Amino acid sequence: MGKEVAFAGRSNVGKSSVINKITSRRNLARTSKSPGRTRELNYFSYDEKRHIVDLPGYGFAKVDVSTRNTWKKLLDHYLQERACLRGIFLIIDIRHPLKSFDQLMLKYCEANNLALHVLLNKSDKLSKNDAKKMMIEIHSEIKAINLSIQLFSASKGVGVDEARLKLAEWLFFD
Ligand SMILES: Nc1nc2c(ncn2[C@@H]2O[C@H](COP(=O)(O)OP(=O)(O)O)[C@@H](O)[C@H]2O)c(=O)[nH]1
Ligand SMILES: [Mg+2]
């Protein structure tokens, strides 16, 4: 059976940039200029048994009910066939944490007993001290059983090794 790791995040948190940075494969995930353009599930493969799934995000400005429902349906459907899903990378903008999209994602992880790795992206926008404080604060607000959390910056390359290690743990180890 194959192994899958899914990347989730509200639009414009930098999900595409993060995927590009971690996988260091150009055009593996395209960075979109207009936020919220990704609507369907995008699969990227290392080989026939190891895949990254780019889950569509939403949340930029107002999102209508039908967009929300479409996303929920898509996610429900995806999680139903998730036997090979090893864990979820949840990308959060460190300056705007735990919005309703993130809360919903956290609920899904809890309900389905999924391992969760939170990337606090755009940490370059805060001082090192403030970023650390935010991480502690956000960590204390997330109640997940199998949780890890880290600072990240796709622009400055902060946290890349740590994130790659987690990805490798889920996709390649054991
Ligand atoms: N300052 C800063 N900007 C970032 C970072 N990561 C992404 N961005 C910017 O955020 C915007 C949205 O990025 P994108 O990867 O398209 O986000 P997506 O909609 O979540 O896939 C772009 O203008 C990126 O250049 C980061 O770590 N730091
Ligand atoms: Mg994108």
# chains A, B, ... in the order shown; residues from 1 in each chain; ligands from 1

$ residues_around --residues "segment 134-136 of chain A" --least-positions-apart "6" --cutoff "10 Å" --atoms "only C-alpha atoms" --output "ChimeraX atom specification"
/A:94-95,97,118-120,123,126,128,149-151

$ closest_atom_pairs --of "chain A" --to "ligand 1" --cutoff "7 Å" --atoms "only C-alpha atoms and all ligand atoms" --output "CSV"
residue,atom,partner,partner_atom_place_in_ligand_line,distance
A:Gly9,CA,ligand 1,20 (O),6.3
A:Arg10,CA,ligand 1,20 (O),6.2
A:Ser11,CA,ligand 1,19 (O),4.0
A:Asn12,CA,ligand 1,19 (O),3.4
A:Val13,CA,ligand 1,20 (O),4.1
A:Gly14,CA,ligand 1,17 (O),3.1
A:Lys15,CA,ligand 1,20 (O),3.7
A:Ser16,CA,ligand 1,21 (O),3.7
A:Ser17,CA,ligand 1,15 (O),3.7
A:Val18,CA,ligand 1,6 (N),6.5
A:Thr31,CA,ligand 1,16 (O),4.3
A:Ser32,CA,ligand 1,16 (O),4.4
A:Lys33,CA,ligand 1,16 (O),5.8
A:Pro35,CA,ligand 1,19 (O),4.9
A:Gly36,CA,ligand 1,19 (O),5.9
A:Asn121,CA,ligand 1,27 (O),5.1
A:Lys122,CA,ligand 1,27 (O),3.5
A:Ser123,CA,ligand 1,27 (O),6.3
A:Asp124,CA,ligand 1,28 (N),5.8
A:Lys125,CA,ligand 1,1 (N),5.8
A:Phe152,CA,ligand 1,27 (O),6.6
A:Ser153,CA,ligand 1,27 (O),3.4
A:Ala154,CA,ligand 1,27 (O),3.7
A:Ser155,CA,ligand 1,27 (O),4.3
A:Lys156,CA,ligand 1,27 (O),6.4

$ closest_residue --among "A:Ile19, A:Ala115, A:Met1, A:Cys109" --to "Ile91 of chain A" --atoms "only C-alpha atoms"
A:Ile19

$ select_by_dssp --residues "chain A" --states "helix (DSSP H, G or I)" --output "NGL selection string"
:A and (15-23 or 65-80 or 100-111 or 123-125 or 128-141 or 160-171)

$ closest_residue --among "A:Gly157, A:Pro56, A:Ala163, A:Gln103" --to "Trp71 of chain A" --atoms "only C-alpha atoms"
A:Pro56

$ closest_residue --among "A:Lys49, A:Lys166, A:Lys72, A:Lys143" --to "Glu110 of chain A" --atoms "only C-alpha atoms"
A:Lys143

$ residues_around --residues "segment 74-85 of chain A" --least-positions-apart "4" --cutoff "12 Å" --atoms "only C-alpha atoms" --output "number ranges by chain"
A: 1-8, 39-42, 49-57, 67-70, 89, 104-105, 108-109, 111-116, 167, 170-171

$ select_by_dssp --residues "segment 25-138 of chain A" --states "strand (DSSP E or B)" --output "ChimeraX atom specification"
/A:42-47,50-54,85-93,116-121

$ closest_residue --among "A:Phe172, A:Tyr58, A:Tyr46, A:Phe101" --to "ligand 2" --atoms "only C-alpha atoms and all ligand atoms"
A:Tyr58

$ atom_distance --atom1 "atom CA of Arg164 of chain A" --atom2 "atom CA of Thr23 of chain A"
7.7 Å

$ atom_distance --atom1 "atom CA of Ile145 of chain A" --atom2 "atom CA of Ile92 of chain A"
18.7 Å

$ atom_distance --atom1 "atom CA of Lys99 of chain A" --atom2 "atom CA of Ile138 of chain A"
11.6 Å

$ decode --residues "segment 52-84 of chain A" --atoms "N, CA, C and O atoms" --output "JSON list (two decimals), in the first residue's frame"
[["chain", "number", "residue", "atom", "x", "y", "z"],
["A", 52, "ILE", "N", 2.24, 13.27, -2.31],
["A", 52, "ILE", "CA", 1.85, 14.45, -1.57],
["A", 52, "ILE", "C", 0.53, 14.92, -2.16],
["A", 52, "ILE", "O", 0.37, 14.96, -3.37],
["A", 53, "VAL", "N", -0.41, 15.24, -1.29],
["A", 53, "VAL", "CA", -1.71, 15.72, -1.74],
["A", 53, "VAL", "C", -1.87, 17.17, -1.32],
["A", 53, "VAL", "O", -1.73, 17.51, -0.15],
["A", 54, "ASP", "N", -2.13, 17.99, -2.31],
["A", 54, "ASP", "CA", -2.33, 19.42, -2.05],
["A", 54, "ASP", "C", -3.84, 19.66, -1.92],
["A", 54, "ASP", "O", -4.55, 19.72, -2.91],
["A", 55, "LEU", "N", -4.30, 19.76, -0.68],
["A", 55, "LEU", "CA", -5.73, 19.97, -0.45],
["A", 55, "LEU", "C", -6.08, 21.43, -0.73],
["A", 55, "LEU", "O", -5.33, 22.32, -0.35],
["A", 56, "PRO", "N", -7.20, 21.67, -1.40],
["A", 56, "PRO", "CA", -7.56, 23.06, -1.70],
["A", 56, "PRO", "C", -7.86, 23.84, -0.43],
["A", 56, "PRO", "O", -8.39, 23.30, 0.53],
["A", 57, "GLY", "N", -7.50, 25.09, -0.43],
["A", 57, "GLY", "CA", -7.79, 25.93, 0.73],
["A", 57, "GLY", "C", -8.84, 26.95, 0.40],
["A", 57, "GLY", "O", -9.20, 27.15, -0.75],
["A", 58, "TYR", "N", -9.38, 27.57, 1.41],
["A", 58, "TYR", "CA", -10.24, 28.71, 1.18],
["A", 58, "TYR", "C", -10.08, 29.64, 2.37],
["A", 58, "TYR", "O", -9.36, 29.34, 3.31],
["A", 59, "GLY", "N", -10.76, 30.76, 2.35],
["A", 59, "GLY", "CA", -10.72, 31.61, 3.53],
["A", 59, "GLY", "C", -10.26, 33.01, 3.26],
["A", 59, "GLY", "O", -10.28, 33.85, 4.14],
["A", 60, "PHE", "N", -9.83, 33.25, 2.02],
["A", 60, "PHE", "CA", -9.41, 34.61, 1.71],
["A", 60, "PHE", "C", -10.64, 35.49, 1.57],
["A", 60, "PHE", "O", -11.54, 35.20, 0.81],
["A", 61, "ALA", "N", -10.70, 36.54, 2.35],
["A", 61, "ALA", "CA", -11.88, 37.40, 2.41],
["A", 61, "ALA", "C", -13.10, 36.55, 2.73],
["A", 61, "ALA", "O", -13.04, 35.63, 3.52],
["A", 62, "LYS", "N", -14.21, 36.82, 2.10],
["A", 62, "LYS", "CA", -15.43, 36.06, 2.39],
["A", 62, "LYS", "C", -15.48, 34.84, 1.48],
["A", 62, "LYS", "O", -15.13, 34.90, 0.32],
["A", 63, "VAL", "N", -15.93, 33.74, 2.03],
["A", 63, "VAL", "CA", -16.13, 32.58, 1.18],
["A", 63, "VAL", "C", -17.59, 32.16, 1.30],
["A", 63, "VAL", "O", -18.18, 32.18, 2.38],
["A", 64, "ASP", "N", -18.21, 31.85, 0.16],
["A", 64, "ASP", "CA", -19.64, 31.53, 0.22],
["A", 64, "ASP", "C", -19.88, 30.12, 0.73],
["A", 64, "ASP", "O", -18.98, 29.29, 0.79],
["A", 65, "VAL", "N", -21.12, 29.88, 1.11],
["A", 65, "VAL", "CA", -21.51, 28.60, 1.70],
["A", 65, "VAL", "C", -21.23, 27.45, 0.76],
["A", 65, "VAL", "O", -20.79, 26.38, 1.19],
["A", 66, "SER", "N", -21.48, 27.66, -0.54],
["A", 66, "SER", "CA", -21.30, 26.55, -1.48],
["A", 66, "SER", "C", -19.83, 26.15, -1.59],
["A", 66, "SER", "O", -19.51, 24.98, -1.74],
["A", 67, "THR", "N", -18.92, 27.12, -1.49],
["A", 67, "THR", "CA", -17.49, 26.81, -1.52],
["A", 67, "THR", "C", -17.11, 25.96, -0.30],
["A", 67, "THR", "O", -16.40, 24.96, -0.40],
["A", 68, "ARG", "N", -17.61, 26.39, 0.85],
["A", 68, "ARG", "CA", -17.37, 25.64, 2.08],
["A", 68, "ARG", "C", -17.88, 24.21, 1.97],
["A", 68, "ARG", "O", -17.21, 23.26, 2.33],
["A", 69, "ASN", "N", -19.11, 24.07, 1.46],
["A", 69, "ASN", "CA", -19.73, 22.75, 1.35],
["A", 69, "ASN", "C", -18.99, 21.87, 0.36],
["A", 69, "ASN", "O", -18.81, 20.68, 0.61],
["A", 70, "THR", "N", -18.57, 22.47, -0.75],
["A", 70, "THR", "CA", -17.79, 21.71, -1.73],
["A", 70, "THR", "C", -16.52, 21.18, -1.09],
["A", 70, "THR", "O", -16.15, 20.01, -1.25],
["A", 71, "TRP", "N", -15.87, 22.04, -0.33],
["A", 71, "TRP", "CA", -14.61, 21.65, 0.31],
["A", 71, "TRP", "C", -14.84, 20.54, 1.34],
["A", 71, "TRP", "O", -14.10, 19.58, 1.40],
["A", 72, "LYS", "N", -15.90, 20.70, 2.13],
["A", 72, "LYS", "CA", -16.20, 19.69, 3.14],
["A", 72, "LYS", "C", -16.49, 18.33, 2.50],
["A", 72, "LYS", "O", -16.04, 17.30, 2.99],
["A", 73, "LYS", "N", -17.25, 18.37, 1.41],
["A", 73, "LYS", "CA", -17.56, 17.13, 0.69],
["A", 73, "LYS", "C", -16.29, 16.47, 0.17],
["A", 73, "LYS", "O", -16.09, 15.27, 0.30],
["A", 74, "LEU", "N", -15.45, 17.30, -0.43],
["A", 74, "LEU", "CA", -14.19, 16.82, -0.99],
["A", 74, "LEU", "C", -13.34, 16.17, 0.10],
["A", 74, "LEU", "O", -12.79, 15.09, -0.07],
["A", 75, "LEU", "N", -13.27, 16.84, 1.24],
["A", 75, "LEU", "CA", -12.45, 16.35, 2.33],
["A", 75, "LEU", "C", -13.04, 15.08, 2.93],
["A", 75, "LEU", "O", -12.31, 14.12, 3.21],
["A", 76, "ASP", "N", -14.36, 15.06, 3.12],
["A", 76, "ASP", "CA", -15.03, 13.85, 3.61],
["A", 76, "ASP", "C", -14.71, 12.67, 2.72],
["A", 76, "ASP", "O", -14.34, 11.60, 3.18],
["A", 77, "HIS", "N", -14.87, 12.92, 1.40],
["A", 77, "HIS", "CA", -14.63, 11.88, 0.41],
["A", 77, "HIS", "C", -13.17, 11.41, 0.49],
["A", 77, "HIS", "O", -12.89, 10.22, 0.49],
["A", 78, "TYR", "N", -12.26, 12.37, 0.58],
["A", 78, "TYR", "CA", -10.83, 12.05, 0.63],
["A", 78, "TYR", "C", -10.51, 11.23, 1.88],
["A", 78, "TYR", "O", -9.80, 10.23, 1.82],
["A", 79, "LEU", "N", -11.06, 11.66, 3.02],
["A", 79, "LEU", "CA", -10.73, 11.00, 4.28],
["A", 79, "LEU", "C", -11.33, 9.60, 4.38],
["A", 79, "LEU", "O", -10.81, 8.75, 5.09],
["A", 80, "GLN", "N", -12.42, 9.38, 3.63],
["A", 80, "GLN", "CA", -13.02, 8.05, 3.64],
["A", 80, "GLN", "C", -12.09, 7.01, 3.02],
["A", 80, "GLN", "O", -12.15, 5.84, 3.36],
["A", 81, "GLU", "N", -11.25, 7.46, 2.10],
["A", 81, "GLU", "CA", -10.35, 6.52, 1.44],
["A", 81, "GLU", "C", -8.92, 6.80, 1.85],
["A", 81, "GLU", "O", -8.00, 6.73, 1.05],
["A", 82, "ARG", "N", -8.77, 7.09, 3.14],
["A", 82, "ARG", "CA", -7.49, 7.63, 3.59],
["A", 82, "ARG", "C", -6.56, 6.57, 4.17],
["A", 82, "ARG", "O", -5.62, 6.91, 4.90],
["A", 83, "ALA", "N", -6.80, 5.33, 3.87],
["A", 83, "ALA", "CA", -6.02, 4.25, 4.48],
["A", 83, "ALA", "C", -4.52, 4.50, 4.41],
["A", 83, "ALA", "O", -3.78, 4.13, 5.31],
["A", 84, "CYS", "N", -4.06, 5.15, 3.36],
["A", 84, "CYS", "CA", -2.61, 5.36, 3.22],
["A", 84, "CYS", "C", -2.17, 6.74, 3.69],
["A", 84, "CYS", "O", -1.00, 7.09, 3.57]]
